[in-house]
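Comments concern the structure below.
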Amino acid sequence: MANQELTASPTDSETPTLQQLNILTLFPEAVQAYFNIGVTGRAVERSVIDIHCVNFRDYAQGNYKAVDDLPFGGGAGMVIQAEPVAKAIDDLPLSGRQRGTVVLLAPTGKVFTQRDAERLSQSEAITFVCGRYEGIDARLNIEYVNEVFSIGDYILSGGELAAMVIIDAIARLKPGVLNNSESATHESHSLGGDQLLEHPHYTRPATWRGHEVPPVLLSGHHKRIQTWRREESIKATARVRPELLENIDLSPAERSLIERLRRGE
Ligand code: SAM
């Protein structure tokens, strides 16, 4: 699979328009490295996404270029001031960049999902703002921020990993980045995969450490394989993420499969 992806190239009809992605961070060198490798690296190389990292410390005042200060009202930690971040955003057009949708990464945001990845993959430009310390002065949100995203219910030390997670999810949806457009549409959580978790995968050898591949996968019978995969998807979703099944269109037979699973049959 990895080799196939490496040899892929977009067809003319699939050539996407360049999406501008600006990342405002105190650690641009750490972020930049991720766009030299793998799927995200290929998206850059093929001019599908254009990554522009900005260190907003460059917009701070004073000899020490401090961007943080004590929180009003007291308490632990430091807060990033709004002004250097605001100036970095304002400066984007001067360096020939579109600002587009401004996305703040914060644990207080809406949890990012595949639906958000699909929607954001259609934007012409996105500016990601990565917090550090206790976060950024909340007044930045009023003036600049269009959406706030969390990548999950836990605390990271900075927004950089969250921005990279979101950009990775977006980039792989763009035409010409993966070798086979099917592979992006039939994955777990995708609409093409009916928003179910994906079925398990197997490759050679057919017997590994005494474990056999499910025989149906060796049958060459396409219809039976499809049915088996669909059932395995439903079983995996019912076992690990039962709440996802509530919004999914299932046949009566599939509903009764879930009932049997719930009864432990
Ligand atoms: N004091 C903040 C709170 O309790 O909500 C946490 C600040 S965290 C240590 C520093 C930065 O990491 C945040 O400003 C944000 O940019 C980023 N961050 C941390 N967890 C995140 C998450 N789950 N999703 C997105 N960004 C996160």
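Ligands are numbered from 1 in the order shown, chains are lettered A, B, ... in the order of the structure tokens, and residues start at 1 in each chain.
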
- Query: Which polymer residues have any atom within 7 Å of an atom of region 114-131 of chain A, counting only C-alpha atoms, with same-chain residues fewer than 5 positions away left out, as a PyMOL selection string?
  - Reply: chain A and resi 19-25+98-105+136+158-160+163+166+169-170+173-174+189-190

Sorted by chain and rising residue number, which residues of chain A lie within 12 Å of ligand 1, and what are their closest atom pairs and distances in Å to one decimal, counting only C-alpha atoms and all ligand atoms, as a tab-separated table?
```
residue	atom	partner	partner_atom_place_in_ligand_line	distance
A:Ile23	CA	ligand 1	16 (O)	11.7
A:Leu24	CA	ligand 1	16 (O)	10.5
A:Thr25	CA	ligand 1	16 (O)	9.3
A:Leu26	CA	ligand 1	16 (O)	10.9
A:Asp68	CA	ligand 1	14 (O)	11.9
A:Pro71	CA	ligand 1	1 (N)	11.1
A:Gly75	CA	ligand 1	1 (N)	11.0
A:Ala76	CA	ligand 1	1 (N)	9.6
A:Gly77	CA	ligand 1	1 (N)	8.4
A:Met78	CA	ligand 1	1 (N)	9.3
A:Val79	CA	ligand 1	1 (N)	8.8
A:Ile80	CA	ligand 1	14 (O)	8.6
A:Gln81	CA	ligand 1	14 (O)	11.7
A:Val103	CA	ligand 1	16 (O)	10.3
A:Leu104	CA	ligand 1	16 (O)	6.9
A:Leu105	CA	ligand 1	26 (N)	4.2
A:Ala106	CA	ligand 1	26 (N)	3.8
A:Pro107	CA	ligand 1	22 (C)	3.9
A:Thr108	CA	ligand 1	5 (O)	5.5
A:Gly109	CA	ligand 1	24 (N)	7.3
A:Lys110	CA	ligand 1	24 (N)	9.0
A:Val111	CA	ligand 1	24 (N)	7.8
A:Phe112	CA	ligand 1	24 (N)	8.6
A:Phe128	CA	ligand 1	16 (O)	9.6
A:Val129	CA	ligand 1	16 (O)	7.2
A:Cys130	CA	ligand 1	16 (O)	4.6
A:Gly131	CA	ligand 1	16 (O)	3.3
A:Arg132	CA	ligand 1	10 (C)	4.0
A:Tyr133	CA	ligand 1	10 (C)	4.9
A:Glu134	CA	ligand 1	1 (N)	3.8
A:Gly135	CA	ligand 1	14 (O)	3.4
A:Ile136	CA	ligand 1	14 (O)	6.1
A:Asp137	CA	ligand 1	14 (O)	9.6
A:Ala138	CA	ligand 1	14 (O)	10.5
A:Glu147	CA	ligand 1	25 (C)	11.8
A:Val148	CA	ligand 1	25 (C)	8.5
A:Phe149	CA	ligand 1	25 (C)	6.0
A:Ser150	CA	ligand 1	24 (N)	3.4
A:Ile151	CA	ligand 1	24 (N)	4.2
A:Gly152	CA	ligand 1	23 (N)	4.6
A:Asp153	CA	ligand 1	23 (N)	5.5
A:Tyr154	CA	ligand 1	23 (N)	4.9
A:Ile155	CA	ligand 1	20 (N)	3.8
A:Leu156	CA	ligand 1	19 (C)	3.8
A:Ser157	CA	ligand 1	9 (C)	4.3
A:Gly158	CA	ligand 1	12 (O)	3.2
A:Gly159	CA	ligand 1	16 (O)	3.5
A:Glu160	CA	ligand 1	17 (C)	7.3
A:Leu161	CA	ligand 1	26 (N)	7.7
A:Ala162	CA	ligand 1	25 (C)	5.0
A:Ala163	CA	ligand 1	25 (C)	7.7
A:Met164	CA	ligand 1	25 (C)	10.3
A:Val165	CA	ligand 1	25 (C)	9.5
A:Ile166	CA	ligand 1	25 (C)	9.7
```

- Task: Could you please determine the separation between CA of Glu83 (chain A) and CA of His52 (chain A) in Å, to one decimal place?
- Result: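 Calculated distance between CA of Glu83 (chain A) and CA of His52 (chain A) is 19.9 Å.
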
- Message: DSSP on the backbone: which residues in region 156-228 of chain A end up as helix (DSSP H, G or I)? Give the answer as a PyMOL selection string.
- Response: chain A and resi 160-171+181-185+215-218+222-228

- Task: Taking the chain letters and numbering used in this document, name the residues of region 21-178 of chain A that DSSP puts in strand (DSSP E), as a PyMOL selection string.
- Result: chain A and resi 21-25+49-55+68-69+79-80+101-111+125-130+147-150

- Query: To one decimal place, how far is CA of Leu218 (chain A) from CA of Leu257 (chain A) in Å?
  - Reply: 23.8 Å

- Query: Out of A:Lys223, A:Arg230, A:Val85, A:Glu198, which residue has the shortest atom-to-atom distance to Leu250 (chain A) when counting only C-alpha atoms?
  - Reply: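 Residue with the minimum atom-to-atom distance to Leu250 (chain A): A:Arg230.
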
- Query: What gap, in Å, lies between CA of Leu197 (chain A) and CA of Glu265 (chain A)?
  - Reply: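 We find that CA of Leu197 (chain A) and CA of Glu265 (chain A) lie 20.8 Å from each other.
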